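*Asks:* Handing you this structure, nothing more for now.
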Amino acid sequence: MDVAALLTSAGINIAITVVLLSLYSILRKQPSNLNVYFTRRLVSSRRTKRKGSSCFERFVPSPSWILKAWETTEDEILALAGMDAVVFLKIIVFSIRIFCIASVVCLFLVLPVNYFGKQMVHKQIPSESLEVFSIANVREGSEWLWSHCFALYIISCAACALLYFEYKSITKMRLEHITGSLRSPNYFTVLVRAIPLASEESYSDSVGKYFMNYYASCYLAHQMVYRSGTVQKLMSDAEKMYRVLKNVTAEQPKLISCRLCCGAPNSFKMLKEADSVNGNIRYGDLDRDTREKESAAAFVFFKTRYAAIVAAEVLQSANPMLWVTDLAPEPHDVLWSNLWIPYRQLWIRKITILLASLAFMFVFLAPVTLVQGLTHLDQLSHAFPFLRGILKQNFVNQLVTGYLPSVVLMLFLYTVPPTMMLFSKVEGPISRSGRKKSACIKVLYFTIWNVFFVNVLSGSIIGQLSVFTVRQIPRKLAEAVPLQAGFFMTYVLTSGWAGLSCEIVQPVALIWNFMKKIIIRTKEDTSDCTLSFPYHTEVPKLLLFGLIGFICSILSPLILPLLLIYFVLAYLVYRNQIINVYITKYESGGRIWPIVHNTTIFSVVMMQIIALGVFGLKRSPVASGFTIPLLIGTLLFNEYCRQRFSPAFQKVAAEIVIDMDRRDERNGTMEEIYQELMSAYCQLKLTSKDSNKSTDVSHHEDRDCIRDPEALKQGLIHPMLKYSPYLESNKVTLSYLCFFIFQNWN
């Protein structure tokens with residue numbers, strides 16, 4: 001690839017970025033788009049009055065959103081969006097810092113050495129090949145390779161130092177997050193799975209007897225988990241339909257008919273709230289069929305945090321496949337549909353998903369091979385002779401080699417996150433954050449393998465797998481990475497710059513909002529399509545760009561300014577999205593940072609290994625000799641961080657929870673916490689009467705309604721509603737569709 005092709009790609013992507021950012025600054029001012037670009041304000045009911053502005057000002061782009069995103073402090077984001085959002089932004093800040101250092105060192109020291117590495121007559125800059133700016137242009141045995149080794153030391157040491165301080169800061173923040181969660185019920189709660197079934201008693205009775213026997217002094221109560229089924233799915237769909245249609249006005253005589261179904265303007269009419277479903281569900285209203293839906297899982301509540309943590313960590317039975325305990329996730333973080341999955345199936349599910357992920361990874365070799373074919377016009381002309389005339393045109397040549405490959409690869413990569421999210425759910429995680437973390441790791445591995453290694457190792461990966469062995473991979477990477485630097489630059493421009501502009505515009509939500517306003521005729525701004533932050537897609541993207549930046553820093557430094565601009569733009573865009581758009585539905589306490597740390601260390605080590613291979617190819621034994629101690633030191637640093645910081649993200653310190661328990665006992669807040677605890681993990685909502693009864697924790701008989709739901713009262717509620725874990729008293733107004741389902745259930 002030559003410089004002209006890179007400039008063509010840069011011009012197209014810069015134009016797309018500028019147009020979309022300008023369009024966003026206009027669209028966000030329109031009152032009809034409030035629920036697209038200010039979803040968080042709608043959910044938190046903070047409807048700020050907009051200052052009066054003229055019609056002309058609403059259609060003029062302005063940088064006001066940039067100023068707002070820049071001025072918001074870290075403490076404000078922590079209070080607004082939680083610790084996970086702050087940790088995500090710290091990833092971007094770390095990337096900006098390290099690539100600022102790398103840009104200064106490599107652009108002023110390494111780039112001139114690469115450009116003047118060989119005695120040659122240089123062409124004009126647009127006609128130059130990008131290889132001239134890479135280490136491939138340095139002659140063998142050059143004495144100037146010490147500059148690359150020196151830059152390698154600076155970048156590696158700076159990365160390790162920044163990682164250490166960030167890890168230390170985030171660990172401290174996590175401990176403060178735990179100590180600040182005084183009333184969080186998950187620290188009092190243990191999720192028990194693989195409960196053995198006794199022929200003469202129910203699961204609930206088994207749980208009660210077991211914990212009264214072995215944890216009599218600290219056991220408080222328990223809540224059974226019920227198997228999910230078709231009824232819960234129908235009720236969930238009904239509730240979603242209600243949220244979509246609840247604001248539709250019954251009489252709209254001045255509006256035109258629906259464009260899709262040609263119905264009357266008042267096609268959508270809402271029923272009044274049904275008296276038969278106007279109350280919450282009582283535990284006493286559960287019949288024998290409901291008790292038969294008990295699964296081999298339960299939430300067990302303890303009187304102290306320390307007792308719950310001890311019970312979650314120790315082995316409960318001589319058979320490790322029975323009475324399996326884990327510290328419960330937060331109530332909003334619970335993935336109810338996975339709790340009833342038999343524990344013995346989990347290892348089979350994980351192996352199956354691993355094989356499916358590997359198969360999907362190898363199937364993806366086909367589009368990667370197509371992308372690499374586009375970067376080599378000689379191969380493309382040989383495969384398709386009828387394209388030779390078109391490809392000879394200068395602009396088409398630059399467009400195909402500089403812009404099209406990265407666009408094709410990016411479009412194919414859009415299928416990866418939803419696929420990996422599905423795989424992660426099938427694995428059986430107990431929490432939504434655990435599912436998203438698992439999907440994040442899968443997407444990360446997938447993108448690193450396909451976007452980096454497959455693209456680098458060959459233009460036709462299937463044909464070259466048999467050419468070299470595993471031991472030759474470092475040498476092959478050293479030869480291939482400088483040659484593929486042009487593709488990575490265009491990928492940063494397309495997936496990075498243009499991708500961020502698409503992220504801030506939110507095209508899918510914008511189109512849905514337009515359809516809802518025009519077709520469904522919703523007048524009010526609602527928050528029925530709230531989104532949580534897509535960590536499983538954005539974290540792997542940041543780490544992939546970090547990997548590309550580290551590896552290409554001394555090999556092809558021209559990529560560093562492009563990456564630096566991307567991270568600065570990402571800092572502003574993601575801060576804006578966190579402040580205004582994405583909703584914090586659950587919190588993991590910054591558990592994504594160990595993934596970031598390990599991936600960054602992997603990137604630094606890969607940079608050093610490839611540099612070692614390059615120095616070997618360039619016959620520079622001095623540079624190679626100095627690289628080996630740096631590689632060993634990086635691995636030792638990673639082991640130190642693993643021992644020093646990693647346990648704080650896996651377990652909870654005993655001294656912290658004991659101090660929290662003692663503080664609550666001194667303040668007399670334990671009884672209030674117990675009352676809140678009883679209704680925290682409920683698939684079936686309690687009425688106020690039953691709730692008050694169950695929260696009397698001074699007598700075990702008052703807690704029987706929690707441990708052993710009985711005493712059915714026939715006829716109080718519809719049979720269908722007894723199994724729904726999602727009903728709330730203020731959200732049971734139903735559309736005609738839902739009413740039809742209810743009436744025909746029997």
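Ligands are numbered from 1 in the order shown, residues from 1 within each chain, and chains are lettered A, B, ... in the order they appear in the structure tokens.
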Please provide the set of residues having any atom within 10 Å of Val416 of chain A, restricted to only C-alpha atoms, with same-chain residues fewer than 6 positions apart removed, written as an MDAnalysis selection string.
*Replies:* chainID A and resid 360:361 364 439 442:443 446:447 537
*Asks:* Any idea what's packed within 10 Å of Ser25 of chain A, counting only C-alpha atoms, ignoring anything in its chain fewer than 5 positions away? Could you give it as a PyMOL selection string?
*Replies:* chain A and resi 20+30+58-66+504-505
*Asks:* DSSP on the backbone, strand (DSSP E or B) only: what residues of segment 78-238 of chain A does that give? Format it as a PyMOL selection string.
*Replies:* chain A and resi 129+189-193+219-226
*Asks:* State, in Å with one decimal place, the distance from atom CA of Cys641 of chain A to atom CA of Gly590 of chain A.
*Replies:*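 According to the coordinates, atom CA of Cys641 of chain A and atom CA of Gly590 of chain A are separated by 16.1 Å.
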*Asks:* So how many Å separate atom CA of Tyr566 of chain A and atom CA of Tyr582 of chain A, to one decimal?
*Replies:*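 Atom CA of Tyr582 of chain A lies 20.9 Å from atom CA of Tyr566 of chain A.
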*Asks:* Using only C-alpha atoms for the distances, tell me which of A:Leu635, A:Leu21, A:Ile12, A:Ala81 is nearest to Thr584 of chain A.
*Replies:*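 Among the listed residues, A:Ala81 lies closest to Thr584 of chain A.
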*Asks:* Neighbours of segment 108-117 of chain A within 9 Å (only C-alpha atoms; same-chain residues fewer than 2 positions away dropped), as a PyMOL selection string?
*Replies:* chain A and resi 103-106+119-120+131-139+142+144-145+147-148+151+553-558
*Asks:* Please, what distance in Å, to one decimal, runs between atom CA of Tyr306 of chain A and atom CA of Val207 of chain A?
*Replies:*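 Between atom CA of Tyr306 of chain A and atom CA of Val207 of chain A the gap is 19.9 Å.
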*Asks:* Set the distance at 10 Å and use only C-alpha atoms: which residues neighbour Ala611 of chain A once local chain neighbours fewer than 3 positions away are removed? I'd like the list as a list in words.
*Replies:*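 Contacts, with the query itself left out: His148, Cys149, Leu152, Pro474, Arg475, Leu477, Ala478, Ile551, Cys552, Ile554, Leu555, Val605, Met606, Met607, Gln608, Val614, Phe615, Gly616, Leu617, Ala623, Ser624 and Thr627 of chain A.
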*Asks:* Output N, CA, C and O atoms of each residue in that selection to a file, as a short mmCIF file (atom, residue, chain, number, x, y, z; two decimals), in the first residue's frame.
*Replies:*
```
data_model
loop_
_atom_site.label_atom_id
_atom_site.label_comp_id
_atom_site.auth_asym_id
_atom_site.auth_seq_id
_atom_site.Cartn_x
_atom_site.Cartn_y
_atom_site.Cartn_z
N HIS A 148 15.78 1.70 18.00
CA HIS A 148 14.58 0.88 18.17
C HIS A 148 14.59 0.17 19.52
O HIS A 148 13.56 0.08 20.19
N CYS A 149 15.77 -0.33 19.92
CA CYS A 149 15.88 -1.00 21.21
C CYS A 149 15.66 -0.01 22.35
O CYS A 149 14.98 -0.33 23.34
N LEU A 152 12.04 0.71 22.56
CA LEU A 152 11.37 -0.45 23.14
C LEU A 152 11.45 -0.43 24.66
O LEU A 152 10.47 -0.72 25.35
N PRO A 474 7.33 -16.53 15.59
CA PRO A 474 7.95 -15.22 15.85
C PRO A 474 8.68 -14.65 14.64
O PRO A 474 8.60 -13.44 14.37
N ARG A 475 9.39 -15.50 13.91
CA ARG A 475 10.10 -15.03 12.72
C ARG A 475 9.11 -14.56 11.65
O ARG A 475 9.32 -13.52 11.01
N LEU A 477 6.07 -13.46 12.15
CA LEU A 477 5.47 -12.21 12.59
C LEU A 477 6.42 -11.04 12.35
O LEU A 477 5.99 -9.95 11.93
N ALA A 478 7.70 -11.26 12.61
CA ALA A 478 8.68 -10.19 12.39
C ALA A 478 8.75 -9.79 10.93
O ALA A 478 8.96 -8.61 10.61
N ILE A 551 2.57 -3.13 19.16
CA ILE A 551 3.39 -3.92 18.24
C ILE A 551 3.93 -3.06 17.10
O ILE A 551 5.08 -3.22 16.67
N CYS A 552 3.12 -2.12 16.61
CA CYS A 552 3.56 -1.32 15.47
C CYS A 552 4.35 -0.08 15.87
O CYS A 552 4.81 0.65 14.99
N ILE A 554 7.37 0.57 17.21
CA ILE A 554 8.75 0.70 16.72
C ILE A 554 8.90 0.15 15.31
O ILE A 554 9.91 0.41 14.66
N LEU A 555 7.90 -0.62 14.84
CA LEU A 555 8.00 -1.20 13.51
C LEU A 555 7.48 -0.24 12.44
O LEU A 555 8.07 -0.11 11.37
N VAL A 605 4.46 -7.95 25.80
CA VAL A 605 5.31 -9.12 25.57
C VAL A 605 5.37 -9.45 24.08
O VAL A 605 6.45 -9.78 23.55
N MET A 606 4.24 -9.37 23.38
CA MET A 606 4.25 -9.63 21.94
C MET A 606 5.10 -8.60 21.21
O MET A 606 5.82 -8.92 20.25
N MET A 607 5.03 -7.35 21.64
CA MET A 607 5.88 -6.31 21.06
C MET A 607 7.35 -6.66 21.22
O MET A 607 8.15 -6.53 20.27
N GLN A 608 7.72 -7.14 22.39
CA GLN A 608 9.12 -7.49 22.65
C GLN A 608 9.54 -8.73 21.87
O GLN A 608 10.66 -8.79 21.34
N VAL A 614 12.69 -9.30 14.83
CA VAL A 614 13.15 -8.32 13.84
C VAL A 614 14.64 -8.06 14.00
O VAL A 614 15.40 -7.99 13.01
N PHE A 615 15.09 -7.92 15.25
CA PHE A 615 16.52 -7.70 15.47
C PHE A 615 17.34 -8.89 14.98
O PHE A 615 18.46 -8.72 14.49
N GLY A 616 16.78 -10.11 15.11
CA GLY A 616 17.47 -11.27 14.57
C GLY A 616 17.54 -11.25 13.06
O GLY A 616 18.58 -11.59 12.47
N LEU A 617 16.43 -10.83 12.42
CA LEU A 617 16.45 -10.73 10.95
C LEU A 617 17.41 -9.66 10.47
O LEU A 617 18.03 -9.80 9.41
N ALA A 623 21.17 -5.55 20.04
CA ALA A 623 19.77 -5.23 20.32
C ALA A 623 19.00 -6.46 20.79
O ALA A 623 18.17 -6.38 21.71
N SER A 624 19.27 -7.60 20.18
CA SER A 624 18.61 -8.84 20.60
C SER A 624 18.98 -9.19 22.03
O SER A 624 18.12 -9.60 22.83
N THR A 627 17.12 -7.11 24.56
CA THR A 627 15.66 -7.32 24.58
C THR A 627 15.28 -8.46 25.52
O THR A 627 14.20 -8.42 26.14
#
```
*Asks:* Between A:Asn667, A:Ser95, A:Thr8, A:Ser603, which one has atoms that come closest to Ile548 of chain A, using only C-alpha atoms?
*Replies:*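 The closest residue to Ile548 of chain A is A:Ser603.
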*Asks:* For Leu354 of chain A, please output as a ChimeraX atom specification all residues within 10 Å (counting only C-alpha atoms; exclusion window: fewer than 3 positions along the same chain).
*Replies:* /A:348-351,357-360,423-424,427,442
*Asks:* Find the residues around Val324 of chain A up to 8 Å (only C-alpha atoms counted), leave out those fewer than 5 positions away in its own chain, and share them as number ranges by chain.
*Replies:* A: 192-195, 315-316
*Asks:* How would the residues just picked look written out with N, CA and C atoms as a PDB file, in the first residue's frame?
*Replies:*
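This went into result.pdb:
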```
ATOM      1  N   VAL A 192     -26.916 -21.092  46.567  1.00  0.00           N
ATOM      2  CA  VAL A 192     -26.644 -22.521  46.738  1.00  0.00           C
ATOM      3  C   VAL A 192     -27.240 -23.264  45.550  1.00  0.00           C
ATOM      4  N   ARG A 193     -26.425 -24.078  44.903  1.00  0.00           N
ATOM      5  CA  ARG A 193     -26.882 -24.894  43.780  1.00  0.00           C
ATOM      6  C   ARG A 193     -26.558 -26.358  44.034  1.00  0.00           C
ATOM      7  N   ALA A 194     -27.091 -27.207  43.169  1.00  0.00           N
ATOM      8  CA  ALA A 194     -26.896 -28.660  43.288  1.00  0.00           C
ATOM      9  C   ALA A 194     -27.408 -29.170  44.631  1.00  0.00           C
ATOM     10  N   ILE A 195     -28.598 -28.715  45.021  1.00  0.00           N
ATOM     11  CA  ILE A 195     -29.211 -29.191  46.262  1.00  0.00           C
ATOM     12  C   ILE A 195     -29.702 -30.616  46.046  1.00  0.00           C
ATOM     13  N   LEU A 315     -15.909 -25.555  51.110  1.00  0.00           N
ATOM     14  CA  LEU A 315     -16.564 -26.697  50.469  1.00  0.00           C
ATOM     15  C   LEU A 315     -17.617 -27.238  51.418  1.00  0.00           C
ATOM     16  N   GLN A 316     -18.866 -27.312  50.983  1.00  0.00           N
ATOM     17  CA  GLN A 316     -19.963 -27.671  51.874  1.00  0.00           C
ATOM     18  C   GLN A 316     -20.129 -29.174  52.062  1.00  0.00           C
TER      19      GLN A 316
END
```
*Asks:* Write out as a list in words each polymer residue whose atoms come within 9 Å of Phe645 of chain A, counting only C-alpha atoms; drop sequence neighbours fewer than 3 positions from it.
*Replies:*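 These residues fall inside the cut-off: Tyr167, Lys168, Thr171, Pro594, Tyr640, Cys641, Arg642, Ala648 and Phe649 of chain A.
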*Asks:* Using the chain letters and numbers from this document, which residues of segment 58-241 of chain A does DSSP assign to helix (DSSP H, G or I), as a PyMOL selection string?
*Replies:* chain A and resi 58+64-71+74-81+83-115+125-127+130-133+135-137+145-180+185-188+203-214+230-241
